[in-house]
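As provided, final_3.cif (mmCIF, C-alpha atoms) reads as follows.
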data_run
loop_
_atom_site.label_atom_id
_atom_site.label_comp_id
_atom_site.auth_asym_id
_atom_site.auth_seq_id
_atom_site.Cartn_x
_atom_site.Cartn_y
_atom_site.Cartn_z
CA MET A 13 101.20 93.11 94.86
CA PHE A 14 99.60 94.26 98.09
CA GLY A 15 100.24 97.87 97.01
CA TRP A 16 97.25 97.53 94.72
CA PHE A 17 95.02 97.61 97.77
CA LYS A 18 96.55 100.73 99.30
CA PRO A 19 93.94 103.51 99.49
CA HIS A 20 94.60 106.54 97.30
CA CYS A 21 93.26 110.05 97.61
CA PRO A 22 90.95 110.92 94.68
CA VAL A 23 92.61 114.33 94.17
CA ASP A 24 96.19 115.51 93.69
CA VAL A 25 98.28 116.91 96.52
CA ALA A 26 97.59 120.60 95.79
CA THR A 27 93.85 120.04 95.47
CA LYS A 28 93.84 117.92 98.63
CA ARG A 29 95.53 120.69 100.57
CA TRP A 30 93.09 123.29 99.23
CA VAL A 31 89.95 121.27 100.11
CA GLU A 32 91.15 120.60 103.64
CA ASN A 33 92.37 124.16 104.28
CA ARG A 34 89.19 125.71 102.96
CA LEU A 35 86.99 123.34 104.97
CA GLN A 36 88.92 124.53 108.03
CA TRP A 37 88.36 128.14 106.99
CA LEU A 38 84.65 127.57 106.43
CA SER A 39 84.32 125.94 109.85
CA ARG A 40 85.75 129.08 111.40
CA GLN A 41 83.42 131.29 109.39
CA PHE A 42 80.16 129.39 109.80
CA GLY A 43 80.77 127.05 112.73
CA ARG A 44 81.99 123.48 112.64
CA ASP A 45 78.52 122.18 113.51
CA THR A 46 77.19 123.45 110.20
CA PHE A 47 79.34 120.82 108.52
CA THR A 48 79.31 118.06 111.10
CA ARG A 49 75.75 117.93 112.41
CA ARG A 50 73.37 119.15 109.72
CA ALA A 51 71.68 116.74 107.37
CA VAL A 52 72.97 116.31 103.84
CA ILE A 53 70.28 117.90 101.65
CA LEU A 54 68.61 115.40 99.31
CA PRO A 55 66.35 115.80 96.25
CA THR A 56 63.39 114.32 98.08
CA ASN A 57 59.99 115.43 99.33
CA ASP A 58 61.34 115.43 102.87
CA PHE A 59 63.54 118.41 102.00
CA PHE A 60 61.48 119.95 99.19
CA PRO A 61 57.83 119.03 99.82
CA ASP A 62 56.20 121.66 97.61
CA PRO A 63 55.46 120.93 93.95
CA MET A 64 57.76 122.41 91.33
CA ASP A 65 55.75 123.24 88.22
CA GLY A 66 58.12 125.60 86.42
CA THR A 67 56.20 128.76 87.26
CA GLU A 68 58.01 131.76 88.68
CA ALA A 69 56.03 131.39 91.91
CA SER A 70 57.24 127.81 92.39
CA VAL A 71 60.83 128.85 91.62
CA ARG A 72 60.53 131.63 94.19
CA ASN A 73 59.19 129.16 96.76
CA LEU A 74 62.09 126.82 96.04
CA LEU A 75 64.56 129.66 96.44
CA ASP A 76 63.06 130.48 99.83
CA GLN A 77 63.59 126.87 100.92
CA VAL A 78 67.21 126.88 99.75
CA CYS A 79 67.70 130.18 101.57
CA GLY A 80 66.55 128.48 104.76
CA TYR A 81 69.11 125.70 104.40
CA MET A 82 71.82 128.27 103.62
CA ASP A 83 70.93 130.42 106.67
CA VAL A 84 69.88 133.32 104.45
CA ASN A 85 66.84 135.47 105.19
CA PRO A 86 64.69 135.14 102.02
CA SER A 87 63.61 138.76 102.34
CA ARG A 88 67.20 139.75 101.51
CA VAL A 89 66.98 138.08 98.10
CA GLU A 90 65.13 139.04 94.95
CA LEU A 91 64.60 136.59 92.11
CA GLU A 92 64.86 137.49 88.45
CA LEU A 93 64.47 135.06 85.57
CA PHE A 94 66.25 135.44 82.26
CA THR A 95 66.53 133.54 79.01
CA ASN A 96 69.97 132.96 77.54
CA LYS A 97 69.40 133.69 73.85
CA ASN A 98 72.99 132.92 72.93
CA GLU A 99 73.24 129.14 72.72
CA LEU A 100 76.98 129.02 73.30
CA TRP A 101 77.98 131.63 75.85
CA LEU A 102 76.85 133.25 79.07
CA VAL A 103 78.45 135.86 81.32
CA ASN A 104 79.33 134.61 84.80
CA ASP A 105 79.56 136.42 88.16
CA ASP A 106 82.96 137.92 87.33
CA GLY A 107 81.95 139.21 83.91
CA LYS A 108 83.67 136.35 82.08
CA TYR A 109 82.11 134.63 79.11
CA LEU A 110 81.45 130.98 79.87
CA PRO A 111 79.92 128.06 77.99
CA THR A 112 76.20 127.57 78.49
CA GLY A 113 75.61 125.81 81.80
CA ALA A 114 76.43 128.67 84.17
CA ALA A 115 72.70 129.09 84.66
CA GLY A 116 72.67 131.54 87.55
CA LEU A 117 74.12 134.93 88.35
CA TYR A 118 74.73 136.71 91.67
CA ASP A 119 74.08 140.45 91.64
CA GLU A 120 74.76 142.49 94.78
CA GLN A 121 72.98 145.85 94.57
CA ILE A 122 72.49 148.67 97.04
CA GLY A 123 70.22 147.35 99.75
CA LYS A 124 69.40 144.07 98.05
CA THR A 125 70.75 140.90 96.49
CA VAL A 126 69.38 139.67 93.17
CA ILE A 127 69.70 136.05 92.11
CA HIS A 128 69.23 135.62 88.36
CA ILE A 129 68.10 132.18 87.17
CA GLU A 130 68.11 131.05 83.55
CA THR A 131 64.68 129.81 82.50
CA SER A 132 65.94 126.50 81.09
CA GLU A 133 66.70 125.46 84.68
CA MET A 134 63.13 125.86 85.87
CA MET A 135 62.00 122.25 85.38
CA ASP A 136 65.25 120.64 86.59
CA LEU A 137 64.95 120.44 90.37
CA SER A 138 68.45 119.12 90.99
CA GLY A 139 70.18 121.59 88.69
CA LEU A 140 68.04 124.46 89.93
CA VAL A 141 68.76 123.77 93.60
CA GLY A 142 72.49 123.46 92.87
CA THR A 143 72.49 126.76 91.01
CA MET A 144 70.61 128.50 93.82
CA ALA A 145 72.94 127.10 96.48
CA HIS A 146 75.98 128.29 94.52
CA GLU A 147 74.63 131.80 94.02
CA LEU A 148 73.52 132.07 97.65
CA SER A 149 77.01 130.99 98.65
CA HIS A 150 78.26 134.13 96.92
CA LEU A 151 75.93 136.06 99.22
CA ARG A 152 77.29 134.29 102.31
CA LEU A 153 80.85 135.04 101.18
CA MET A 154 80.98 138.30 99.22
CA GLY A 155 77.65 139.69 100.38
CA GLU A 156 78.68 139.26 104.02
CA GLN A 157 82.21 140.56 103.27
CA ARG A 158 83.98 137.36 104.21
CA VAL A 159 85.85 137.59 100.90
CA THR A 160 86.31 140.29 98.27
CA GLY A 161 85.54 138.13 95.24
CA ASP A 162 89.02 138.77 93.83
CA GLU A 163 90.55 135.67 95.42
CA TYR A 164 92.12 133.22 92.99
CA ASP A 165 89.80 130.48 94.28
CA ASN A 166 86.61 132.57 94.37
CA GLU A 167 84.37 130.18 92.40
CA LEU A 168 85.97 127.09 93.95
CA LEU A 169 85.31 128.44 97.44
CA THR A 170 81.76 129.30 96.44
CA ASP A 171 81.14 125.69 95.38
CA LEU A 172 82.70 124.38 98.59
CA THR A 173 80.56 126.73 100.69
CA ALA A 174 77.46 125.11 99.19
CA VAL A 175 78.89 121.67 100.01
CA PHE A 176 79.65 122.86 103.56
CA HIS A 177 75.98 123.77 103.98
CA GLY A 178 74.77 120.36 102.80
CA PHE A 179 74.32 120.78 99.03
CA GLY A 180 77.22 118.60 97.87
CA ILE A 181 75.01 116.04 96.12
CA PHE A 182 73.28 118.66 93.97
CA LEU A 183 76.51 120.25 92.82
CA GLY A 184 78.61 117.09 92.73
CA ASN A 185 76.19 115.20 90.49
CA SER A 186 76.40 117.93 87.84
CA PRO A 187 79.71 119.77 88.23
CA ARG A 188 80.11 122.77 85.96
CA ASN A 189 83.66 122.58 84.76
CA TRP A 190 85.34 123.08 81.41
CA ASP A 191 88.85 122.17 80.28
CA SER A 192 89.37 125.68 78.90
CA GLN A 193 89.12 127.14 82.39
CA TYR A 194 92.13 125.48 83.97
CA SER A 195 95.07 127.46 85.32
CA VAL A 196 97.52 126.23 87.99
CA TRP A 197 97.52 126.12 91.77
CA PRO A 198 99.73 128.90 93.23
CA GLY A 199 103.34 127.81 93.56
CA THR A 200 102.83 124.61 91.59
CA ASP A 201 102.51 123.37 88.03
CA LEU A 202 99.41 121.33 88.92
CA LYS A 203 96.21 122.19 87.07
CA ARG A 204 93.59 124.20 88.95
CA PRO A 205 89.98 124.38 87.73
CA GLU A 206 87.74 127.42 87.93
CA TYR A 207 84.94 125.39 89.56
CA MET A 208 85.11 122.24 91.66
CA THR A 209 85.52 119.04 89.68
CA LEU A 210 83.84 115.71 90.33
CA PRO A 211 86.87 114.34 92.30
CA MET A 212 86.91 117.51 94.40
CA PHE A 213 83.23 117.12 95.26
CA ALA A 214 83.87 113.46 96.01
CA TYR A 215 86.69 114.29 98.42
CA ALA A 216 84.67 117.00 100.18
CA LEU A 217 81.66 114.67 100.50
CA ALA A 218 83.97 111.94 101.77
CA HIS A 219 84.82 114.24 104.68
CA THR A 220 81.08 114.62 105.34
CA ALA A 221 80.74 110.83 105.65
CA TRP A 222 84.00 110.46 107.60
CA PHE A 223 82.93 113.00 110.21
CA ARG A 224 79.81 110.92 110.76
CA GLY A 225 81.65 107.60 110.78
CA GLN A 226 79.67 106.43 107.75
CA ARG A 227 81.51 104.42 105.13
CA LYS A 228 78.19 103.83 103.35
CA PRO A 229 75.93 106.74 104.30
CA ASP A 230 72.20 106.45 103.64
CA TRP A 231 72.53 109.14 100.95
CA LEU A 232 75.00 107.07 98.91
CA PRO A 233 72.29 105.97 96.39
CA PHE A 234 71.68 109.62 95.51
CA LEU A 235 75.19 110.06 94.11
CA SER A 236 75.52 109.90 90.35
CA PHE A 237 77.02 106.88 88.59
CA ASP A 238 80.25 108.84 88.03
CA LEU A 239 80.48 110.43 91.48
CA ARG A 240 79.81 107.32 93.56
CA PRO A 241 83.06 105.36 92.92
CA CYS A 242 85.17 108.47 93.43
CA PHE A 243 83.35 109.18 96.69
CA LYS A 244 83.93 105.60 97.88
CA GLN A 245 87.61 106.00 97.10
CA GLY A 246 87.73 109.16 99.19
CA VAL A 247 85.91 107.61 102.15
CA ARG A 248 88.18 104.60 102.15
CA TYR A 249 91.24 106.84 101.98
CA LEU A 250 90.15 108.98 104.92
CA MET A 251 88.95 106.14 107.12
CA GLU A 252 92.02 103.99 106.60
CA THR A 253 94.74 106.67 106.56
CA ARG A 254 93.14 109.52 108.56
CA ASP A 255 95.33 111.72 106.38
CA SER A 256 93.57 115.06 106.44
CA THR A 257 94.28 118.32 108.23
CA PHE A 258 90.51 118.72 108.57
CA ALA A 259 89.60 115.77 110.79
CA PRO A 260 86.91 114.84 113.31
CA GLU A 261 87.68 116.30 116.71
CA ASN A 262 88.38 112.92 118.27
CA LEU A 263 91.12 112.36 115.68
CA ALA A 264 92.52 115.88 115.46
#
Just give me the structure of the file as structure tokens.
Amino acid sequence: MFGWFKPHCPVDVATKRWVENRLQWLSRQFGRDTFTRRAVILPTNDFFPDPMDGTEASVRNLLDQVCGYMDVNPSRVELELFTNKNELWLVNDDGKYLPTGAAGLYDEQIGKTVIHIETSEMMDLSGLVGTMAHELSHLRLMGEQRVTGDEYDNELLTDLTAVFHGFGIFLGNSPRNWDSQYSVWPGTDLKRPEYMTLPMFAYALAHTAWFRGQRKPDWLPFLSFDLRPCFKQGVRYLMETRDSTFAPENLA
């Protein structure tokens, strides 16, 4: 009966391997300190002190702040707003038609990067910040030629890049994932999503807490009702088993 109390990883073995391997890759690309020492970004006045009133000017100001946290020079980025007139479908960064909810688009043009934001996002601070962080992650990856964009895990890696830079709460509380977009992990028959799922965000955020030695970090109350128990499961698993290839240096 004691097996009931054995900690379990919140994701399957293929997903676990991907999260850990890509966190290692990101640490080589952007520096381990980006993940281990920076604050987790929260939807509070401490991180976003300026009022958000839904105007284009306030959205632009918010984008500049997110750029700062993502180590992007705001002058590199142009903002364009659009209204999705089709209530069911939207085209994503790869030209695929997706259900409404993919509310941002990354557009790399000659000499500039354009971030397109759907106008329905403009009064939703949490969703808007998450969308901006995701699209700016494309800039840090494709725009800086760290990836081509043709990788099988392109959107997954983009989500994880935003988590790596501190935006895990914004994306994890509202993951954009649809059952119709599952394929399989290479070399397995295990399902692979197009975007990170709630358990994947939970496991990545669990590493954030583990690296800081925090079973109950001060940002725990900011996790959604659905994300919080999965995150706790991940933290317990890592702290009690230490079973991750991406571990704090004193455990590696």
Skip range 198-201 of chain A itself and residues of its chain fewer than 3 positions away, then list as a PyMOL selection string all residues within 12 Å of it, counting all atoms listed in the file.
-> chain A and resi 24-27+29-30+163-165+194-195+204
For the structure provided, state which residues fall under the PyMOL selection byres ((chain A and resi 59-76) around 9), and present them as a ChimeraX atom specification.
-> /A:53-58,77-81,84-87,89-93,131,133-137,140-141,144-145
Exercise: Phe243 in chain A partners within 12 Å, all atoms listed in the file, chain neighbours under 2 positions left out, as a VMD selection string = chain A and resid 20 to 23 180 to 181 184 to 185 210 to 222 226 to 229 231 to 241 245 to 250
Would you kindly return, as a ChimeraX atom specification, each protein, DNA or RNA residue with an atom no farther than 9 Å from any atom of Met82 in chain A, considering all atoms listed in the file and excluding same-chain residues fewer than 5 positions away?
-> /A:77,145,148-149,152,174,177-178
If you keep C-alpha atoms, can you produce a file of those selected residues as a PDB file, in the coordinates of the input?
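As a result, result.pdb now contains:
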ATOM      1  CA  GLN A  77      63.590 126.870 100.920  1.00  0.00           C
ATOM      2  CA  ALA A 145      72.940 127.100  96.480  1.00  0.00           C
ATOM      3  CA  LEU A 148      73.520 132.070  97.650  1.00  0.00           C
ATOM      4  CA  SER A 149      77.010 130.990  98.650  1.00  0.00           C
ATOM      5  CA  ARG A 152      77.290 134.290 102.310  1.00  0.00           C
ATOM      6  CA  ALA A 174      77.460 125.110  99.190  1.00  0.00           C
ATOM      7  CA  HIS A 177      75.980 123.770 103.980  1.00  0.00           C
ATOM      8  CA  GLY A 178      74.770 120.360 102.800  1.00  0.00           C
TER       9      GLY A 178
END
Rows by chain and residue number, range 121-162 of chain A within 12 Å of range 169-173 of chain A, shortest pair, all atoms listed in the file, as a tab-separated table:
residue	atom	partner	partner_atom	distance
A:Gly142	CA	A:Asp171	CA	9.3
A:Thr143	CA	A:Asp171	CA	9.8
A:Met144	CA	A:Asp171	CA	11.0
A:Ala145	CA	A:Asp171	CA	8.4
A:His146	CA	A:Asp171	CA	5.8
A:Glu147	CA	A:Thr170	CA	7.9
A:Leu148	CA	A:Thr170	CA	8.8
A:Ser149	CA	A:Thr170	CA	5.5
A:His150	CA	A:Thr170	CA	6.0
A:Leu151	CA	A:Thr170	CA	9.3
A:Arg152	CA	A:Thr173	CA	8.4
A:Leu153	CA	A:Thr170	CA	7.5
A:Met154	CA	A:Thr170	CA	9.5
A:Gly155	CA	A:Thr170	CA	11.8
A:Arg158	CA	A:Leu169	CA	11.3
A:Val159	CA	A:Leu169	CA	9.8
A:Thr160	CA	A:Leu169	CA	11.9
A:Gly161	CA	A:Thr170	CA	9.7
A:Asp162	CA	A:Leu169	CA	11.6
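Going from CA of Glu261 in chain A to CA of Ala51 in chain A covers 18.5 Å.
CA of Glu32 in chain A sits 14.6 Å away from CA of Trp197 in chain A.
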Record the distance separating CA of Arg40 in chain A and CA of Thr253 in chain A, expressed in Å with one decimal.
-> 24.6 Å
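Here the question is which of A:Asp83, A:Asp45, A:Glu130, A:Asp255 gets nearest to Lys28 in chain A using all atoms listed in the file, and that residue is A:Asp255.
For the residues A:Ser186, A:Leu35, A:Val196, A:Asp119, ranking by smallest atom-to-atom distance to Thr48 in chain A using all atoms listed in the file places A:Leu35 first.
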Edge lengths and centre in Å, axis-aligned, range 121-137 of chain A plus 3 Å each side, as AutoDock Vina command-line options:
--center_x 67.5 --center_y 134.6 --center_z 90.4 --size_x 17.0 --size_y 34.2 --size_z 24.7
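Taking only C-alpha atoms into account, Gly225 in chain A lies nearest to A:Arg254 out of the set A:Arg254, A:Lys124, A:Arg44, A:Arg188.
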